[in-house]
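J.: This one is target-v6.cif, mmCIF, N, CA and C atoms.
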```
data_target
loop_
_atom_site.label_atom_id
_atom_site.label_comp_id
_atom_site.auth_asym_id
_atom_site.auth_seq_id
_atom_site.Cartn_x
_atom_site.Cartn_y
_atom_site.Cartn_z
N MET A 268 0.99 -24.85 -0.99
CA MET A 268 -0.28 -25.52 -0.82
C MET A 268 -0.87 -25.81 -2.20
N ASP A 269 -1.31 -27.04 -2.41
CA ASP A 269 -1.87 -27.37 -3.71
C ASP A 269 -3.31 -26.83 -3.84
N THR A 270 -3.84 -26.91 -5.02
CA THR A 270 -5.15 -26.34 -5.33
C THR A 270 -6.26 -26.97 -4.50
N HIS A 271 -6.21 -28.28 -4.33
CA HIS A 271 -7.25 -28.97 -3.55
C HIS A 271 -7.26 -28.48 -2.11
N LYS A 272 -6.09 -28.38 -1.50
CA LYS A 272 -6.01 -27.91 -0.11
C LYS A 272 -6.50 -26.48 0.02
N LYS A 273 -6.19 -25.66 -0.98
CA LYS A 273 -6.65 -24.27 -0.96
C LYS A 273 -8.18 -24.20 -1.04
N SER A 274 -8.77 -25.01 -1.91
CA SER A 274 -10.22 -24.99 -2.06
C SER A 274 -10.91 -25.52 -0.81
N VAL A 275 -10.32 -26.53 -0.16
CA VAL A 275 -10.89 -27.05 1.08
C VAL A 275 -10.79 -25.99 2.18
N LEU A 276 -9.67 -25.31 2.26
CA LEU A 276 -9.50 -24.25 3.26
C LEU A 276 -10.49 -23.12 3.01
N PHE A 277 -10.65 -22.72 1.76
CA PHE A 277 -11.60 -21.67 1.41
C PHE A 277 -13.02 -22.08 1.81
N THR A 278 -13.40 -23.31 1.50
CA THR A 278 -14.73 -23.80 1.84
C THR A 278 -14.94 -23.82 3.34
N ARG A 279 -13.93 -24.26 4.08
CA ARG A 279 -14.01 -24.31 5.54
C ARG A 279 -14.16 -22.90 6.12
N ILE A 280 -13.40 -21.95 5.62
CA ILE A 280 -13.48 -20.58 6.11
C ILE A 280 -14.86 -19.98 5.85
N ILE A 281 -15.37 -20.17 4.64
CA ILE A 281 -16.70 -19.65 4.30
C ILE A 281 -17.76 -20.29 5.19
N TYR A 282 -17.67 -21.59 5.38
CA TYR A 282 -18.62 -22.34 6.22
C TYR A 282 -18.63 -21.79 7.64
N ILE A 283 -17.46 -21.60 8.24
CA ILE A 283 -17.36 -21.10 9.61
C ILE A 283 -17.83 -19.65 9.69
N LEU A 284 -17.46 -18.83 8.72
CA LEU A 284 -17.91 -17.43 8.71
C LEU A 284 -19.43 -17.33 8.59
N LEU A 285 -20.04 -18.21 7.81
CA LEU A 285 -21.50 -18.20 7.69
C LEU A 285 -22.17 -18.58 9.00
N ILE A 286 -21.62 -19.56 9.71
CA ILE A 286 -22.17 -19.93 11.01
C ILE A 286 -22.14 -18.72 11.95
N ILE A 287 -21.00 -18.06 12.00
CA ILE A 287 -20.83 -16.91 12.89
C ILE A 287 -21.71 -15.74 12.45
N MET A 288 -21.68 -15.43 11.15
CA MET A 288 -22.44 -14.29 10.65
C MET A 288 -23.95 -14.48 10.87
N ILE A 289 -24.46 -15.66 10.58
CA ILE A 289 -25.89 -15.91 10.77
C ILE A 289 -26.25 -15.81 12.25
N GLY A 290 -25.39 -16.34 13.12
CA GLY A 290 -25.64 -16.24 14.55
C GLY A 290 -25.69 -14.80 15.02
N ILE A 291 -24.73 -14.00 14.60
CA ILE A 291 -24.68 -12.59 15.00
C ILE A 291 -25.86 -11.81 14.44
N MET A 292 -26.16 -12.01 13.16
CA MET A 292 -27.26 -11.28 12.53
C MET A 292 -28.61 -11.66 13.16
N SER A 293 -28.68 -12.84 13.77
CA SER A 293 -29.93 -13.29 14.38
C SER A 293 -30.17 -12.70 15.76
N ILE A 294 -29.12 -12.21 16.42
CA ILE A 294 -29.31 -11.72 17.79
C ILE A 294 -29.10 -10.22 17.95
N ILE A 295 -28.57 -9.54 16.93
CA ILE A 295 -28.42 -8.09 17.07
C ILE A 295 -29.77 -7.41 16.86
N PRO A 296 -29.96 -6.23 17.41
CA PRO A 296 -31.24 -5.52 17.25
C PRO A 296 -31.53 -5.22 15.77
N ASN A 297 -32.82 -5.19 15.43
CA ASN A 297 -33.23 -4.90 14.06
C ASN A 297 -32.73 -3.54 13.59
N ALA A 298 -32.63 -2.58 14.50
CA ALA A 298 -32.14 -1.25 14.13
C ALA A 298 -30.71 -1.35 13.61
N GLU A 299 -29.93 -2.24 14.19
CA GLU A 299 -28.55 -2.44 13.74
C GLU A 299 -28.55 -3.06 12.34
N LEU A 300 -29.47 -3.97 12.09
CA LEU A 300 -29.56 -4.58 10.75
C LEU A 300 -29.90 -3.53 9.71
N ASP A 301 -30.78 -2.59 10.07
CA ASP A 301 -31.15 -1.53 9.13
C ASP A 301 -29.95 -0.67 8.78
N ARG A 302 -29.05 -0.47 9.73
CA ARG A 302 -27.85 0.30 9.46
C ARG A 302 -26.87 -0.46 8.58
N VAL A 303 -26.85 -1.78 8.72
CA VAL A 303 -25.93 -2.60 7.94
C VAL A 303 -26.30 -2.54 6.46
N SER A 304 -27.59 -2.56 6.17
CA SER A 304 -28.02 -2.59 4.78
C SER A 304 -29.38 -1.93 4.61
N ASP A 305 -29.46 -0.95 3.74
CA ASP A 305 -30.75 -0.34 3.43
C ASP A 305 -31.65 -1.30 2.67
N THR A 306 -31.04 -2.22 1.93
CA THR A 306 -31.86 -3.17 1.17
C THR A 306 -32.57 -4.14 2.10
N TYR A 307 -32.07 -4.32 3.33
CA TYR A 307 -32.75 -5.20 4.28
C TYR A 307 -34.19 -4.72 4.50
N LYS A 308 -34.38 -3.39 4.51
CA LYS A 308 -35.71 -2.81 4.72
C LYS A 308 -36.64 -3.07 3.52
N LEU A 309 -36.06 -3.27 2.36
CA LEU A 309 -36.89 -3.43 1.16
C LEU A 309 -37.67 -4.73 1.15
N PHE A 310 -37.19 -5.71 1.87
CA PHE A 310 -37.83 -7.02 1.85
C PHE A 310 -38.49 -7.26 3.19
N SER A 311 -39.80 -7.48 3.16
CA SER A 311 -40.56 -7.65 4.38
C SER A 311 -39.94 -8.73 5.28
N GLY A 312 -39.49 -8.30 6.44
CA GLY A 312 -38.94 -9.24 7.41
C GLY A 312 -37.58 -9.80 7.02
N GLY A 313 -37.03 -9.38 5.91
CA GLY A 313 -35.73 -9.90 5.50
C GLY A 313 -35.77 -11.35 5.06
N TYR A 314 -36.93 -11.83 4.60
CA TYR A 314 -37.07 -13.25 4.22
C TYR A 314 -36.11 -13.64 3.10
N LEU A 315 -35.90 -12.73 2.17
CA LEU A 315 -34.97 -13.03 1.09
C LEU A 315 -33.55 -13.26 1.63
N PHE A 316 -33.19 -12.47 2.65
CA PHE A 316 -31.88 -12.65 3.27
C PHE A 316 -31.80 -13.98 4.03
N HIS A 317 -32.91 -14.39 4.65
CA HIS A 317 -32.93 -15.69 5.32
C HIS A 317 -32.69 -16.80 4.30
N ILE A 318 -33.38 -16.73 3.20
CA ILE A 318 -33.26 -17.75 2.15
C ILE A 318 -31.84 -17.78 1.61
N LEU A 319 -31.31 -16.61 1.31
CA LEU A 319 -29.95 -16.52 0.77
C LEU A 319 -28.91 -17.04 1.76
N ALA A 320 -28.99 -16.58 3.01
CA ALA A 320 -28.01 -16.96 4.03
C ALA A 320 -28.03 -18.47 4.28
N TYR A 321 -29.20 -19.03 4.46
CA TYR A 321 -29.27 -20.47 4.75
C TYR A 321 -29.01 -21.31 3.51
N GLY A 322 -29.31 -20.78 2.34
CA GLY A 322 -28.95 -21.49 1.10
C GLY A 322 -27.44 -21.61 0.96
N LEU A 323 -26.75 -20.49 1.18
CA LEU A 323 -25.28 -20.51 1.12
C LEU A 323 -24.69 -21.37 2.23
N PHE A 324 -25.25 -21.25 3.43
CA PHE A 324 -24.79 -22.03 4.58
C PHE A 324 -24.90 -23.52 4.27
N CYS A 325 -26.03 -23.94 3.76
CA CYS A 325 -26.25 -25.35 3.43
C CYS A 325 -25.29 -25.81 2.34
N PHE A 326 -25.16 -25.03 1.28
CA PHE A 326 -24.28 -25.39 0.18
C PHE A 326 -22.84 -25.58 0.66
N PHE A 327 -22.32 -24.62 1.41
CA PHE A 327 -20.93 -24.72 1.86
C PHE A 327 -20.75 -25.79 2.93
N ALA A 328 -21.76 -26.02 3.75
CA ALA A 328 -21.66 -27.10 4.74
C ALA A 328 -21.56 -28.45 4.03
N LEU A 329 -22.38 -28.64 3.01
CA LEU A 329 -22.34 -29.91 2.26
C LEU A 329 -21.06 -30.03 1.45
N LEU A 330 -20.62 -28.94 0.88
CA LEU A 330 -19.38 -28.95 0.10
C LEU A 330 -18.18 -29.28 1.01
N TYR A 331 -18.14 -28.67 2.18
CA TYR A 331 -17.07 -28.96 3.13
C TYR A 331 -17.15 -30.41 3.61
N ASN A 332 -18.36 -30.88 3.89
CA ASN A 332 -18.54 -32.24 4.39
C ASN A 332 -18.14 -33.29 3.37
N ILE A 333 -18.40 -33.04 2.11
CA ILE A 333 -18.09 -34.03 1.08
C ILE A 333 -16.58 -34.29 0.99
N THR A 334 -15.79 -33.30 1.34
CA THR A 334 -14.34 -33.45 1.32
C THR A 334 -13.86 -34.42 2.39
N TYR A 335 -14.46 -34.31 3.57
CA TYR A 335 -14.01 -35.12 4.71
C TYR A 335 -14.89 -36.32 5.02
N GLN A 336 -16.07 -36.38 4.41
CA GLN A 336 -17.00 -37.48 4.66
C GLN A 336 -17.25 -37.67 6.15
N ARG A 337 -17.42 -36.57 6.86
CA ARG A 337 -17.60 -36.64 8.31
C ARG A 337 -18.99 -37.10 8.71
N HIS A 338 -20.00 -36.57 8.07
CA HIS A 338 -21.37 -36.84 8.48
C HIS A 338 -22.23 -37.13 7.26
N SER A 339 -23.35 -37.76 7.51
CA SER A 339 -24.27 -38.02 6.40
C SER A 339 -25.01 -36.74 6.02
N LEU A 340 -25.60 -36.77 4.88
CA LEU A 340 -26.37 -35.64 4.37
C LEU A 340 -27.48 -35.27 5.35
N VAL A 341 -28.15 -36.27 5.90
CA VAL A 341 -29.25 -36.04 6.82
C VAL A 341 -28.77 -35.32 8.08
N ILE A 342 -27.62 -35.71 8.61
CA ILE A 342 -27.07 -35.08 9.82
C ILE A 342 -26.76 -33.61 9.56
N ILE A 343 -26.15 -33.32 8.41
CA ILE A 343 -25.83 -31.93 8.07
C ILE A 343 -27.11 -31.10 7.95
N LEU A 344 -28.09 -31.60 7.24
CA LEU A 344 -29.35 -30.86 7.07
C LEU A 344 -30.08 -30.69 8.41
N LEU A 345 -30.02 -31.70 9.25
CA LEU A 345 -30.63 -31.61 10.57
C LEU A 345 -29.92 -30.57 11.43
N PHE A 346 -28.59 -30.55 11.39
CA PHE A 346 -27.82 -29.55 12.14
C PHE A 346 -28.21 -28.14 11.73
N ILE A 347 -28.26 -27.89 10.44
CA ILE A 347 -28.57 -26.54 9.95
C ILE A 347 -30.00 -26.15 10.33
N SER A 348 -30.93 -27.09 10.20
CA SER A 348 -32.34 -26.82 10.55
C SER A 348 -32.49 -26.52 12.04
N VAL A 349 -31.85 -27.33 12.88
CA VAL A 349 -31.94 -27.12 14.32
C VAL A 349 -31.26 -25.80 14.71
N TYR A 350 -30.13 -25.50 14.10
CA TYR A 350 -29.44 -24.22 14.34
C TYR A 350 -30.39 -23.06 14.03
N SER A 351 -31.08 -23.16 12.92
CA SER A 351 -32.04 -22.14 12.51
C SER A 351 -33.15 -21.96 13.55
N ILE A 352 -33.68 -23.06 14.02
CA ILE A 352 -34.79 -23.02 14.98
C ILE A 352 -34.30 -22.48 16.33
N ILE A 353 -33.12 -22.91 16.77
CA ILE A 353 -32.58 -22.43 18.04
C ILE A 353 -32.37 -20.91 18.00
N LEU A 354 -31.82 -20.41 16.91
CA LEU A 354 -31.62 -18.97 16.80
C LEU A 354 -32.95 -18.22 16.84
N GLU A 355 -33.95 -18.78 16.23
CA GLU A 355 -35.26 -18.12 16.23
C GLU A 355 -35.88 -18.16 17.63
N VAL A 356 -35.72 -19.25 18.35
CA VAL A 356 -36.23 -19.35 19.72
C VAL A 356 -35.49 -18.36 20.63
N ILE A 357 -34.19 -18.21 20.44
CA ILE A 357 -33.43 -17.21 21.21
C ILE A 357 -34.02 -15.82 21.00
N GLN A 358 -34.46 -15.53 19.78
CA GLN A 358 -35.04 -14.22 19.50
C GLN A 358 -36.32 -13.97 20.30
N TYR A 359 -37.02 -15.04 20.65
CA TYR A 359 -38.23 -14.92 21.46
C TYR A 359 -37.91 -14.28 22.81
N PHE A 360 -36.74 -14.59 23.37
CA PHE A 360 -36.35 -14.11 24.69
C PHE A 360 -35.61 -12.78 24.67
N LEU A 361 -35.29 -12.28 23.50
CA LEU A 361 -34.61 -10.99 23.39
C LEU A 361 -35.66 -9.88 23.25
N PRO A 362 -35.58 -8.85 24.09
CA PRO A 362 -36.62 -7.81 24.06
C PRO A 362 -36.65 -7.01 22.75
N TYR A 363 -35.57 -6.97 22.03
CA TYR A 363 -35.51 -6.18 20.80
C TYR A 363 -35.69 -7.03 19.54
N ARG A 364 -35.98 -8.31 19.70
CA ARG A 364 -36.24 -9.20 18.56
C ARG A 364 -37.56 -9.91 18.79
N THR A 365 -38.12 -10.51 17.74
CA THR A 365 -39.37 -11.26 17.86
C THR A 365 -39.23 -12.61 17.20
N PHE A 366 -39.94 -13.58 17.76
CA PHE A 366 -40.01 -14.91 17.19
C PHE A 366 -40.96 -14.86 16.01
N ASN A 367 -40.59 -15.49 14.90
CA ASN A 367 -41.42 -15.47 13.70
C ASN A 367 -41.31 -16.81 12.99
N LEU A 368 -42.43 -17.50 12.88
CA LEU A 368 -42.44 -18.80 12.19
C LEU A 368 -42.08 -18.66 10.71
N TYR A 369 -42.40 -17.52 10.13
CA TYR A 369 -42.08 -17.31 8.71
C TYR A 369 -40.57 -17.22 8.49
N ASP A 370 -39.84 -16.76 9.50
CA ASP A 370 -38.38 -16.78 9.41
C ASP A 370 -37.87 -18.22 9.32
N ILE A 371 -38.44 -19.08 10.15
CA ILE A 371 -38.04 -20.50 10.12
C ILE A 371 -38.39 -21.10 8.77
N LEU A 372 -39.57 -20.77 8.25
CA LEU A 372 -39.96 -21.27 6.93
C LEU A 372 -39.00 -20.77 5.85
N ALA A 373 -38.63 -19.50 5.91
CA ALA A 373 -37.67 -18.95 4.94
C ALA A 373 -36.32 -19.65 5.07
N ASN A 374 -35.90 -19.94 6.30
CA ASN A 374 -34.64 -20.66 6.51
C ASN A 374 -34.71 -22.05 5.89
N LEU A 375 -35.82 -22.74 6.08
CA LEU A 375 -35.96 -24.09 5.53
C LEU A 375 -36.01 -24.07 4.00
N ILE A 376 -36.62 -23.04 3.45
CA ILE A 376 -36.62 -22.88 1.99
C ILE A 376 -35.18 -22.66 1.51
N GLY A 377 -34.44 -21.83 2.23
CA GLY A 377 -33.03 -21.61 1.89
C GLY A 377 -32.22 -22.90 1.96
N ILE A 378 -32.47 -23.71 2.98
CA ILE A 378 -31.78 -25.00 3.11
C ILE A 378 -32.11 -25.90 1.92
N ALA A 379 -33.36 -25.93 1.53
CA ALA A 379 -33.76 -26.75 0.38
C ALA A 379 -33.09 -26.25 -0.91
N ILE A 380 -33.00 -24.95 -1.07
CA ILE A 380 -32.33 -24.38 -2.25
C ILE A 380 -30.84 -24.70 -2.21
N GLY A 381 -30.22 -24.56 -1.03
CA GLY A 381 -28.81 -24.90 -0.89
C GLY A 381 -28.54 -26.36 -1.21
N LEU A 382 -29.42 -27.25 -0.75
CA LEU A 382 -29.30 -28.68 -1.06
C LEU A 382 -29.43 -28.91 -2.56
N SER A 383 -30.38 -28.26 -3.18
CA SER A 383 -30.57 -28.40 -4.63
C SER A 383 -29.36 -27.91 -5.40
N LEU A 384 -28.82 -26.76 -5.00
CA LEU A 384 -27.63 -26.23 -5.67
C LEU A 384 -26.44 -27.18 -5.49
N PHE A 385 -26.31 -27.72 -4.28
CA PHE A 385 -25.22 -28.66 -4.03
C PHE A 385 -25.37 -29.91 -4.90
N GLN A 386 -26.56 -30.46 -4.98
CA GLN A 386 -26.77 -31.66 -5.80
C GLN A 386 -26.51 -31.36 -7.27
N PHE A 387 -26.94 -30.19 -7.73
CA PHE A 387 -26.66 -29.78 -9.11
C PHE A 387 -25.15 -29.69 -9.32
N TYR A 388 -24.46 -29.05 -8.39
CA TYR A 388 -23.00 -28.93 -8.46
C TYR A 388 -22.35 -30.32 -8.46
N HIS A 389 -22.83 -31.17 -7.58
CA HIS A 389 -22.26 -32.52 -7.45
C HIS A 389 -22.45 -33.33 -8.74
N ILE A 390 -23.62 -33.27 -9.31
CA ILE A 390 -23.91 -34.04 -10.52
C ILE A 390 -23.09 -33.55 -11.71
N PHE A 391 -23.02 -32.25 -11.89
CA PHE A 391 -22.37 -31.72 -13.08
C PHE A 391 -20.88 -31.44 -12.94
N SER A 392 -20.39 -31.21 -11.74
CA SER A 392 -18.98 -30.90 -11.58
C SER A 392 -18.13 -32.07 -11.11
N LEU A 393 -18.76 -32.99 -10.43
CA LEU A 393 -18.00 -34.08 -9.86
C LEU A 393 -18.43 -35.44 -10.39
N LYS A 394 -19.10 -35.49 -11.52
CA LYS A 394 -19.63 -36.75 -12.01
C LYS A 394 -18.54 -37.74 -12.41
N HIS A 395 -17.33 -37.29 -12.66
CA HIS A 395 -16.25 -38.19 -13.02
C HIS A 395 -15.71 -38.93 -11.80
N LYS A 396 -16.04 -38.43 -10.61
CA LYS A 396 -15.57 -38.99 -9.36
C LYS A 396 -16.76 -39.51 -8.58
N ARG A 397 -16.71 -40.74 -8.12
CA ARG A 397 -17.82 -41.27 -7.32
C ARG A 397 -17.60 -40.85 -5.87
N ILE A 398 -18.55 -40.04 -5.34
CA ILE A 398 -18.48 -39.61 -3.96
C ILE A 398 -19.79 -40.01 -3.30
N ASP A 399 -19.68 -40.75 -2.21
CA ASP A 399 -20.86 -41.23 -1.50
C ASP A 399 -21.41 -40.12 -0.62
N LEU A 400 -22.63 -39.67 -0.92
CA LEU A 400 -23.26 -38.62 -0.12
C LEU A 400 -23.85 -39.16 1.17
N TYR A 401 -23.96 -40.49 1.30
CA TYR A 401 -24.56 -41.09 2.47
C TYR A 401 -23.58 -42.06 3.13
N PRO A 402 -22.50 -41.56 3.75
CA PRO A 402 -21.56 -42.47 4.40
C PRO A 402 -22.22 -43.18 5.57
N GLU A 403 -21.76 -44.35 5.85
CA GLU A 403 -22.35 -45.12 6.95
C GLU A 403 -21.63 -44.94 8.24
#
```
Now that the file is in, can you turn its structure into structure tokens?

T.:
Amino acid sequence: MDTHKKSVLFTRIIYILLIIMIGIMSIIPNAELDRVSDTYKLFSGGYLFHILAYGLFCFFALLYNITYQRHSLVIILLFISVYSIILEVIQYFLPYRTFNLYDILANLIGIAIGLSLFQFYHIFSLKHKRIDLYPE
């Protein structure tokens, strides 16, 4: 396997693992999250983890998408945002979780950071290659 195929496979695996990990972490009881990481307790509501998780999710989703040109930037960002909101709404119906608008805000901040990191990466690492971020 050549280097490009390996990097695409790595990006795809990370992207899929982040979708699964974020989904699982959003529906398991908070007590389970406390057992996973003591540092989770250090940050009120885990907002830093929301920002980090969705920032990475957005970055890898855009990085994976740029390889295949499957969807526009707007579609990817909309998918991640809606996924975030759906997971938070599901928490409303779980007796051991709570709905929190600040979680959604932290997720959106993470998405914005992930987009910024991706654009920075795109400008400085791929400037020799013209890649259309807005396919039609």

J.: Within 7 Å of range 274-277 of chain A, counting only C-alpha atoms, which residues show up once you throw out same-chain ones fewer than 4 positions away? Write them as a list in words, please.

T.: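 Close residues of range 274-277 of chain A: Thr270, Ile281 and Tyr331 of chain A.
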
J.: Tell me, in Å to one decimal, how far atom C of Phe326 in chain A is from CA of Gly381 in chain A.

T.: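 Interatomic distance here is 6.2 Å.
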
J.: Let me make sure I understand: among A:Leu345, A:Ile357, A:Gly322, A:Ile333, which one has the smallest atom-to-atom distance to Leu382 in chain A if we use all atoms listed in the file?

T.: A:Gly322

J.: For a quick check of understanding, using all atoms listed in the file, which of A:Asn297, A:Ile352, A:Gln386, A:Ile343 has the smallest distance to Ala328 in chain A?

T.: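 Nearest candidate to Ala328 in chain A out of A:Asn297, A:Ile352, A:Gln386, A:Ile343: A:Ile343.
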
J.: Report the distance between CA of Leu329 in chain A and CA of Phe385 in chain A in Å, rounded to one decimal place.

T.: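 CA of Phe385 in chain A lies at a distance of 7.0 Å from CA of Leu329 in chain A.
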
J.: To one decimal in Å, tell me the separation between CA of Met288 in chain A and CA of Asp269 in chain A.

T.: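 For CA of Met288 in chain A relative to CA of Asp269 in chain A, the distance reads 28.3 Å.
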